[in-house]
file data_18.txt (compact mmCIF, C-alpha atoms)
# COMPACT_ATOMS: atom_id res chain seq x y z
CA MET A 1 33.80 -40.23 -15.20
CA ARG A 2 32.24 -36.86 -14.46
CA LEU A 3 33.02 -34.01 -16.86
CA THR A 4 32.46 -30.30 -16.39
CA ALA A 5 30.40 -28.41 -18.96
CA ARG A 6 33.60 -26.77 -20.24
CA GLN A 7 35.38 -30.12 -20.71
CA TRP A 8 32.34 -31.64 -22.46
CA ASN A 9 32.00 -28.75 -24.92
CA GLU A 10 35.72 -28.79 -25.73
CA ALA A 11 35.62 -32.58 -26.30
CA MET A 12 32.57 -32.32 -28.58
CA ARG A 13 34.16 -29.55 -30.64
CA ASP A 14 37.30 -31.64 -31.05
CA ILE A 15 35.42 -34.80 -32.05
CA THR A 16 32.99 -33.15 -34.49
CA SER A 17 35.84 -31.26 -36.15
CA ARG A 18 37.65 -34.55 -36.92
CA TYR A 19 34.84 -36.99 -37.69
CA PRO A 20 31.38 -36.78 -39.35
CA LEU A 21 29.57 -37.82 -36.17
CA SER A 22 26.29 -36.90 -34.51
CA VAL A 23 25.88 -37.19 -30.74
CA LYS A 24 22.78 -38.57 -29.02
CA ILE A 25 22.43 -38.83 -25.25
CA GLU A 26 20.41 -41.77 -23.94
CA ASN A 27 19.44 -43.01 -20.48
CA SER A 28 20.58 -39.77 -18.89
CA ASN A 29 19.02 -37.95 -15.97
CA PRO A 30 16.88 -34.89 -16.73
CA PRO A 31 19.15 -31.84 -17.09
CA LEU A 32 19.32 -29.56 -14.08
CA HIS A 33 18.16 -25.98 -14.50
CA ALA A 34 20.63 -23.13 -14.16
CA TRP A 35 21.39 -22.12 -10.54
CA SER A 36 20.06 -25.39 -9.07
CA ILE A 37 21.62 -26.23 -5.69
CA GLU A 38 23.23 -29.42 -4.45
CA THR A 39 23.96 -29.22 -0.73
CA LEU A 40 27.02 -31.14 0.50
CA TRP A 41 28.29 -31.91 4.00
CA ASP A 42 32.02 -31.25 4.34
CA LYS A 43 33.17 -33.97 6.74
CA THR A 44 36.62 -32.46 7.18
CA ARG A 45 35.56 -28.89 7.96
CA LYS A 46 32.20 -29.85 9.57
CA LYS A 47 30.28 -27.39 7.40
CA TRP A 48 27.38 -27.43 4.99
CA THR A 49 28.35 -26.25 1.52
CA ALA A 50 26.52 -25.80 -1.78
CA MET A 51 27.46 -26.69 -5.36
CA ILE A 52 25.62 -24.61 -7.96
CA THR A 53 24.72 -25.75 -11.47
CA PRO A 54 26.40 -23.31 -13.91
CA GLY A 55 24.33 -20.30 -14.85
CA SER A 56 25.28 -17.29 -16.96
CA VAL A 57 24.64 -13.55 -17.21
CA ASN A 58 25.21 -11.95 -20.61
CA CYS A 59 26.74 -15.29 -21.68
CA LYS A 60 29.37 -15.15 -18.92
CA ILE A 61 29.47 -18.14 -16.55
CA ALA A 62 29.16 -16.99 -12.94
CA SER A 63 31.98 -17.72 -10.49
CA ILE A 64 32.59 -18.10 -6.75
CA PRO A 65 35.44 -16.18 -5.04
CA MET A 66 37.52 -18.36 -2.70
CA PRO A 67 41.09 -18.92 -1.47
CA PHE A 68 43.30 -20.72 -3.96
CA GLU A 69 43.81 -23.71 -1.64
CA ARG A 70 40.06 -24.41 -1.64
CA ALA A 71 39.63 -24.22 -5.41
CA PRO A 72 39.09 -27.53 -7.26
CA GLN A 73 42.32 -29.15 -8.42
CA SER A 74 41.25 -28.90 -12.08
CA PHE A 75 40.95 -25.12 -11.74
CA GLN A 76 44.28 -24.83 -9.90
CA ASP A 77 45.99 -26.64 -12.77
CA TYR A 78 44.23 -24.48 -15.34
CA ILE A 79 45.02 -21.12 -13.76
CA LYS A 80 48.66 -22.02 -13.13
CA THR A 81 49.02 -22.95 -16.79
CA ALA A 82 47.23 -19.79 -17.90
CA ASN A 83 49.37 -17.55 -15.66
CA PRO A 84 52.76 -19.27 -15.29
CA ASP A 85 54.48 -16.10 -14.05
CA LYS A 86 52.11 -15.52 -11.14
CA ASN A 87 52.74 -16.97 -7.70
CA TYR A 88 49.55 -18.37 -6.12
CA THR A 89 49.71 -18.73 -2.34
CA PRO A 90 47.09 -20.76 -0.44
CA ALA A 91 45.38 -17.51 0.61
CA THR A 92 45.33 -15.91 -2.86
CA LEU A 93 41.74 -15.02 -3.75
CA VAL A 94 40.60 -16.48 -7.07
CA LYS A 95 37.26 -16.56 -8.86
CA VAL A 96 36.33 -20.11 -9.83
CA PRO A 97 33.74 -20.50 -12.64
CA LEU A 98 30.77 -22.68 -11.69
CA ASP A 99 31.55 -25.25 -14.40
CA TYR A 100 34.65 -26.24 -12.37
CA GLU A 101 32.25 -27.32 -9.59
CA PRO A 102 33.43 -25.11 -6.74
CA VAL A 103 31.47 -25.09 -3.48
CA VAL A 104 30.45 -22.14 -1.32
CA ASP A 105 30.15 -22.25 2.47
CA LEU A 106 26.62 -21.60 3.72
CA ALA A 107 26.08 -18.86 6.33
CA TRP A 108 23.05 -19.25 8.61
CA ARG A 109 20.42 -17.24 10.44
CA GLU A 110 17.80 -18.77 12.74
CA ILE A 111 14.08 -18.48 12.01
CA GLY A 112 11.29 -19.04 14.56
CA GLY A 113 11.68 -20.68 17.95
CA SER A 114 14.58 -19.04 19.77
CA ALA A 115 15.51 -16.70 16.89
CA SER A 116 16.36 -13.09 17.70
CA PRO A 117 13.79 -10.44 16.65
CA GLU A 118 14.42 -8.52 13.44
CA SER A 119 13.04 -5.26 14.85
CA THR A 120 10.53 -3.83 17.31
CA THR A 121 7.28 -1.95 16.80
CA ALA A 122 4.50 -0.32 18.83
CA ASP A 123 1.72 -2.74 19.73
CA GLY A 124 -1.03 -0.10 19.93
CA ASN A 125 -1.29 -0.32 23.74
CA ASP A 126 1.62 2.00 24.59
CA GLY A 127 3.90 -1.02 24.50
CA ILE A 128 6.63 -2.46 22.32
CA LYS A 129 6.56 -5.84 20.66
CA ASN A 130 9.23 -7.78 18.84
CA VAL A 131 8.97 -8.50 15.11
CA TYR A 132 10.26 -11.88 13.88
CA GLU A 133 10.86 -13.32 10.42
CA THR A 134 7.85 -15.30 9.20
CA VAL A 135 8.20 -19.08 9.33
CA PRO A 136 7.09 -20.71 6.02
CA SER A 137 3.93 -22.80 6.49
CA TYR A 138 5.73 -25.90 5.16
CA PHE A 139 8.07 -25.85 8.16
CA LYS A 140 5.31 -24.96 10.62
CA LYS A 141 3.63 -28.26 9.71
CA ARG A 142 6.92 -30.01 10.52
CA GLY A 143 7.22 -28.58 14.02
CA VAL A 144 8.85 -25.14 13.70
CA VAL A 145 7.10 -22.54 15.87
CA ASP A 146 6.89 -18.79 15.28
CA GLY A 147 9.53 -16.57 16.85
CA GLY A 148 8.59 -15.47 20.35
CA SER A 149 6.01 -18.26 20.78
CA GLN A 150 5.18 -19.11 24.36
CA ASN A 151 5.21 -22.67 25.73
CA PRO A 152 5.80 -24.62 22.47
CA ASP A 153 5.42 -28.38 22.52
CA PRO A 154 8.98 -29.75 23.02
CA ALA A 155 7.97 -33.16 21.65
CA THR A 156 7.50 -31.82 18.12
CA GLN A 157 9.39 -28.52 18.08
CA ARG A 158 12.33 -28.18 15.67
CA ARG A 159 14.94 -25.56 14.94
CA LEU A 160 15.07 -23.87 11.53
CA TYR A 161 17.94 -21.99 9.91
CA ALA A 162 18.21 -20.29 6.52
CA CYS A 163 20.91 -19.03 4.14
CA ASP A 164 20.46 -16.83 1.05
CA LEU A 165 22.44 -17.31 -2.18
CA VAL A 166 22.84 -14.10 -4.17
CA LEU A 167 24.11 -13.30 -7.67
CA SER A 168 26.23 -10.13 -7.93
CA MET A 169 26.86 -8.35 -11.25
CA PRO A 170 29.43 -5.49 -11.44
CA ARG A 171 28.26 -2.33 -13.20
CA PRO A 172 29.04 1.40 -13.56
CA TYR A 173 27.90 3.55 -10.65
CA LEU A 174 27.60 7.20 -9.64
CA VAL A 175 29.85 9.07 -7.22
CA ASN A 176 29.96 12.64 -5.91
CA GLU A 177 32.49 14.97 -7.47
CA ILE A 178 32.95 18.04 -5.29
CA SER A 179 34.67 21.10 -6.75
CA ALA A 180 35.63 24.41 -5.09
CA PHE A 181 35.92 27.63 -7.09
CA PRO A 182 37.16 31.09 -6.06
CA GLY A 183 34.35 33.22 -4.68
CA GLY A 184 35.17 36.28 -6.76
CA ALA A 185 36.15 39.75 -5.61
CA LEU A 186 34.89 39.16 -2.06
CA GLY A 187 37.01 36.03 -1.52
CA GLY A 188 35.76 32.76 -0.12
CA SER A 189 34.84 29.84 -2.35
CA ILE A 190 31.90 28.34 -4.21
CA ILE A 191 31.23 24.60 -3.78
CA SER A 192 29.80 22.57 -6.66
CA VAL A 193 28.56 18.96 -6.33
CA ASP A 194 28.25 16.88 -9.50
CA ALA A 195 27.24 13.27 -10.20
CA LYS A 196 29.83 11.38 -12.23
CA PRO A 197 29.47 7.85 -13.66
CA THR A 198 32.41 5.67 -12.56
CA THR A 199 33.55 2.28 -13.79
CA PRO A 200 34.65 -0.23 -11.11
CA PRO A 201 37.92 -2.11 -11.73
CA ASP A 202 36.10 -5.47 -12.05
CA ILE A 203 33.58 -4.28 -14.66
CA SER A 204 34.82 -6.85 -17.21
CA GLU A 205 34.77 -9.71 -14.69
CA PRO A 206 31.99 -12.34 -14.76
CA PRO A 207 29.23 -12.21 -12.13
CA THR A 208 29.82 -13.88 -8.79
CA VAL A 209 27.65 -15.91 -6.42
CA TYR A 210 27.95 -15.49 -2.66
CA ALA A 211 26.18 -16.86 0.41
CA THR A 212 24.88 -14.56 3.13
CA SER A 213 22.87 -15.22 6.27
CA LYS A 214 20.26 -12.60 5.29
CA TYR A 215 19.85 -10.80 1.97
CA VAL A 216 18.14 -7.41 2.20
CA VAL A 217 16.74 -5.93 -1.02
CA PRO A 218 18.12 -2.38 -1.45
CA ALA A 219 15.68 0.52 -1.52
CA ILE A 220 14.56 1.49 -5.02
CA GLN A 221 14.44 5.22 -4.33
CA ASN A 222 16.58 7.48 -2.16
CA SER A 223 14.82 9.27 0.70
CA PHE A 224 14.18 13.02 0.84
CA SER A 225 17.06 13.47 3.29
CA ASP A 226 19.41 11.74 0.83
CA ILE A 227 18.37 14.23 -1.84
CA PHE A 228 18.44 17.25 0.47
CA PHE A 229 21.89 16.50 1.87
CA GLN A 230 23.26 15.47 -1.56
CA ARG A 231 24.08 11.89 -0.61
CA PHE A 232 24.41 9.17 -3.23
CA LEU A 233 23.54 5.59 -2.31
CA ASP A 234 24.62 4.04 -5.58
CA GLU A 235 26.69 0.83 -5.55
CA PRO A 236 29.09 -0.70 -8.12
CA LYS A 237 26.96 -3.84 -8.51
CA ASP A 238 23.46 -5.24 -8.94
CA ASP A 239 22.35 -8.18 -6.81
CA LEU A 240 19.71 -10.83 -7.51
CA HIS A 241 18.38 -13.23 -4.87
CA LEU A 242 18.77 -16.70 -6.44
CA SER A 243 17.57 -19.05 -3.70
CA THR A 244 17.19 -19.71 0.02
CA VAL A 245 18.53 -22.89 1.63
CA TYR A 246 16.75 -24.05 4.79
CA ALA A 247 18.23 -26.36 7.44
CA LEU A 248 15.69 -28.21 9.61
CA SER A 249 16.76 -29.97 12.80
CA GLN A 250 15.48 -33.19 14.31
CA PRO A 251 12.82 -32.74 17.04
CA ILE A 252 14.33 -31.07 20.08
CA SER A 253 13.14 -33.98 22.25
CA SER A 254 15.53 -36.27 20.33
CA GLY A 255 18.51 -34.46 21.80
CA LEU A 256 19.98 -33.85 18.31
CA ALA A 257 18.63 -30.33 17.77
CA SER A 258 21.51 -28.29 19.11
CA GLY A 259 22.39 -24.82 17.88
CA GLN A 260 25.28 -26.37 15.94
CA ILE A 261 24.12 -27.14 12.38
CA ASP A 262 25.53 -30.59 11.69
CA SER A 263 24.96 -33.51 9.33
CA SER A 264 21.76 -34.53 11.17
CA TYR A 265 19.90 -31.51 9.72
CA GLU A 266 17.60 -31.85 6.70
CA LEU A 267 18.19 -29.29 3.95
CA ASP A 268 15.60 -27.89 1.52
CA THR A 269 15.99 -25.21 -1.15
CA ARG A 270 13.52 -22.59 -2.33
CA TYR A 271 14.34 -21.19 -5.78
CA TYR A 272 13.63 -17.71 -7.15
CA CYS A 273 15.45 -18.10 -10.50
CA HIS A 274 15.73 -21.07 -12.90
CA TYR A 275 17.16 -19.56 -16.08
CA ASN A 276 20.24 -17.97 -17.59
CA LEU A 277 20.02 -14.19 -17.48
CA ALA A 278 20.78 -10.97 -19.30
CA HIS A 279 21.63 -7.72 -17.53
CA ALA A 280 21.90 -4.05 -18.45
CA THR A 281 22.30 -0.81 -16.51
CA GLN A 282 20.29 2.35 -16.91
CA ARG A 283 21.38 4.84 -19.52
CA VAL A 284 23.56 7.67 -18.23
CA VAL A 285 21.46 10.81 -18.59
CA PRO A 286 23.44 13.76 -19.98
CA ARG A 287 23.77 16.53 -17.44
CA THR A 288 21.25 19.33 -17.87
CA VAL A 289 22.74 22.65 -16.74
CA THR A 290 20.10 24.97 -15.31
CA PRO A 291 20.54 28.70 -16.15
CA PRO A 292 21.91 30.43 -13.03
CA LEU A 293 20.06 33.28 -11.38
CA ARG A 294 21.82 36.62 -11.94
CA LEU A 295 21.13 40.16 -10.85
CA VAL A 296 22.41 43.08 -12.96
CA THR A 297 22.05 46.55 -11.39
CA GLY A 298 25.21 48.43 -12.27
CA LEU A 299 25.53 49.67 -8.69
CA GLY A 300 28.99 50.60 -7.42
CA ALA A 301 30.56 50.28 -10.87
CA GLY A 302 29.54 46.63 -10.96
CA LEU A 303 30.76 45.79 -7.43
CA GLY A 304 27.17 45.50 -6.25
CA ASP A 305 26.43 42.92 -8.98
CA ALA A 306 29.42 40.84 -7.85
CA MET A 307 28.11 40.88 -4.26
CA TYR A 308 24.56 39.94 -5.27
CA ASN A 309 25.69 37.16 -7.61
CA LEU A 310 28.02 35.76 -4.94
CA ILE A 311 25.02 35.51 -2.62
CA LEU A 312 22.95 33.86 -5.37
CA SER A 313 25.74 31.39 -6.24
CA ALA A 314 24.93 29.18 -3.26
CA ALA A 315 21.30 28.93 -4.39
CA ASN A 316 22.39 28.26 -7.98
CA ASP A 317 24.76 25.45 -6.93
CA PHE A 318 22.14 23.87 -4.73
CA ALA A 319 19.51 24.05 -7.50
CA GLN A 320 21.94 22.42 -9.95
CA SER A 321 22.77 19.67 -7.44
CA VAL A 322 19.06 18.92 -6.95
CA VAL A 323 18.58 18.65 -10.72
CA ASP A 324 21.56 16.29 -10.96
CA LEU A 325 20.26 14.17 -8.11
CA PHE A 326 16.86 13.71 -9.71
CA ASN A 327 18.34 12.98 -13.14
CA GLN A 328 21.20 10.73 -12.04
CA ARG A 329 20.57 9.23 -8.64
CA SER A 330 21.43 5.66 -9.59
CA LEU A 331 22.51 3.52 -12.51
CA ARG A 332 20.82 0.45 -11.04
CA GLY A 333 20.30 -2.12 -13.76
CA MET A 334 17.84 -4.92 -14.46
CA PHE A 335 18.04 -8.69 -14.88
CA TRP A 336 15.77 -10.56 -17.28
CA VAL A 337 15.41 -14.11 -18.54
CA VAL A 338 17.08 -15.12 -21.78

call {"tool": "encode", "arguments": {"input": "data_18.txt", "output": "C-alpha cells"}}
result
Amino acid sequence: MRLTARQWNEAMRDITSRYPLSVKIENSNPPLHAWSIETLWDKTRKKWTAMITPGSVNCKIASIPMPFERAPQSFQDYIKTANPDKNYTPATLVKVPLDYEPVVDLAWREIGGSASPESTTADGNDGIKNVYETVPSYFKKRGVVDGGSQNPDPATQRRLYACDLVLSMPRPYLVNEISAFPGGALGGSIISVDAKPTTPPDISEPPTVYATSKYVVPAIQNSFSDIFFQRFLDEPKDDLHLSTVYALSQPISSGLASGQIDSSYELDTRYYCHYNLAHATQRVVPRTVTPPLRLVTGLGAGLGDAMYNLILSAANDFAQSVVDLFNQRSLRGMFWVV
C-alpha cells in the first residue's frame, strides 16, 4: 500500500505516542529529492502529465491548482470533511498539496527542426535572420537538428518538445497610488504619484507549481522609460524555474514522429532545484520626502508666490516620484536552499 507523506507522518506520530517503539526502514529505494518529476501518460485524456515529489517553501508544502473533479479522491474526501458547508462543483478550483500526489498537465513548445523562431535579428549583411532556441547537445546526438536547418537527414531526424515547471510564491508588491490636490488660488489640480506596498489576497496560501510551455525570467531592473513615465512592473509573486521536461519523438522515418505528442515519445527531465527552500521579500524602504522647491518674493501681496509655487509644484511632484521609483521599484524576493 502506498502512503502519502502526510499519512505516514500522522501514522508515526500516533504509533510512537502509544508504544515505546523505534522505526527502521530496510530494503527501501533511495529517497527522491524534493521537486523530482515522475512523468505519467494519461490513457483516458491522451496527455502527458507530471507527478512532483513534495517540496516546501518556508515549511509550507507546495500545491497544484486544478478543478475539483481532477483532484485525487483522498484530497476530495479530506476537503469535504474540512469544509462541510461548502458546495464543491466539478469545476471548483482547489489547490491540492503535493503530498496528495496530484498531477499537472504538461504544456509543450517545439525546439529545433520545424520549430518557429523566437525572434529575428540583423545578420550584418543588410538582411534579417531568424533566431531559434538552442537545442541541447544531448538531443543533437540523438537526431534533433537546429531550428531552421536546411536539408536534415530524415533517416535520423527527430522532433523535440519541452515544457517548463515553475514554482510560484505569493508576496507583497508595489502599486501606483495617484492623488489629485487642488491647485491653489489659480485653480487646476496637482497630481501626486506614490508607491504603496500591497498585500495580495493569497499571501497566506502555500506556493504553487504550474506548467508552462516557455518560462521567461523577468527583468531584474526596470528600463529608463519605465522610470520616466512612472510605470511599475512589480508582480504579486516570485517565480522559480524548477525543471524542464523534454519529449523526444521516434525517428521521423519511422512514421511515428507526428506533431501530436503521444505515448511513443521518450521523456527526460533537466532539474534546476533539488532542495526544500526558504523565501523572503525585500524590505519596504520608508518613503523619503524630498524638500520641495519654493520661491518667496512677496510680490503682489503674496499672489506672485502662489503663481510661482504652482509652476514649481509639477517639478516637485515629478522629483518626488523619481525618488520613490528608485527607492521602491520592486519588492522582488529571493529563494535559497534550506

call {"tool": "atom_distance", "arguments": {"input": "data_18.txt", "atom1": "atom CA of Lys237 of chain A", "atom2": "atom CA of Tyr275 of chain A"}}
result
20.0 Å

call {"tool": "atom_distance", "arguments": {"input": "data_18.txt", "atom1": "atom CA of Ala107 of chain A", "atom2": "atom CA of Arg332 of chain A"}}
result
26.5 Å

call {"tool": "atom_distance", "arguments": {"input": "data_18.txt", "atom1": "atom CA of Tyr173 of chain A", "atom2": "atom CA of Leu106 of chain A"}}
result
29.0 Å

call {"tool": "residues_near_point", "arguments": {"input": "data_18.txt", "point": "(31.4, -14.9, -15.7)", "cutoff": "12 Å", "atoms": "all atoms listed in the file", "output": "short mmCIF file (atom, residue, chain, number, x, y, z; two decimals) with C-alpha atoms, in the coordinates of the input"}}
result
data_model
loop_
_atom_site.label_atom_id
_atom_site.label_comp_id
_atom_site.auth_asym_id
_atom_site.auth_seq_id
_atom_site.Cartn_x
_atom_site.Cartn_y
_atom_site.Cartn_z
CA PRO A 54 26.40 -23.31 -13.91
CA GLY A 55 24.33 -20.30 -14.85
CA SER A 56 25.28 -17.29 -16.96
CA VAL A 57 24.64 -13.55 -17.21
CA ASN A 58 25.21 -11.95 -20.61
CA CYS A 59 26.74 -15.29 -21.68
CA LYS A 60 29.37 -15.15 -18.92
CA ILE A 61 29.47 -18.14 -16.55
CA ALA A 62 29.16 -16.99 -12.94
CA SER A 63 31.98 -17.72 -10.49
CA ILE A 64 32.59 -18.10 -6.75
CA PRO A 65 35.44 -16.18 -5.04
CA LYS A 95 37.26 -16.56 -8.86
CA VAL A 96 36.33 -20.11 -9.83
CA PRO A 97 33.74 -20.50 -12.64
CA LEU A 98 30.77 -22.68 -11.69
CA ASP A 99 31.55 -25.25 -14.40
CA LEU A 167 24.11 -13.30 -7.67
CA SER A 168 26.23 -10.13 -7.93
CA MET A 169 26.86 -8.35 -11.25
CA PRO A 170 29.43 -5.49 -11.44
CA ASP A 202 36.10 -5.47 -12.05
CA ILE A 203 33.58 -4.28 -14.66
CA SER A 204 34.82 -6.85 -17.21
CA GLU A 205 34.77 -9.71 -14.69
CA PRO A 206 31.99 -12.34 -14.76
CA PRO A 207 29.23 -12.21 -12.13
CA THR A 208 29.82 -13.88 -8.79
CA VAL A 209 27.65 -15.91 -6.42
CA ASN A 276 20.24 -17.97 -17.59
CA LEU A 277 20.02 -14.19 -17.48
CA ALA A 278 20.78 -10.97 -19.30
#

call {"tool": "residues_around", "arguments": {"input": "data_18.txt", "residues": "segment 78-81 of chain A", "least_positions_apart": "5", "cutoff": "10 Å", "atoms": "all atoms listed in the file", "output": "PyMOL selection string"}}
result
chain A and resi 68+73+86-88+94+96

call {"tool": "closest_residue", "arguments": {"input": "data_18.txt", "among": "A:Ser119, A:Asn9, A:Ser249, A:Gln282", "to": "Gly333 of chain A", "atoms": "only C-alpha atoms"}}
result
A:Gln282

call {"tool": "residues_around", "arguments": {"input": "data_18.txt", "residues": "Lys47 of chain A", "least_positions_apart": "5", "cutoff": "9 Å", "atoms": "only C-alpha atoms", "output": "list of chain:residue names"}}
result
A:Leu40, A:Trp41, A:Asp42, A:Asp105, A:Leu106, A:Ile261, A:Asp262, A:Ser263
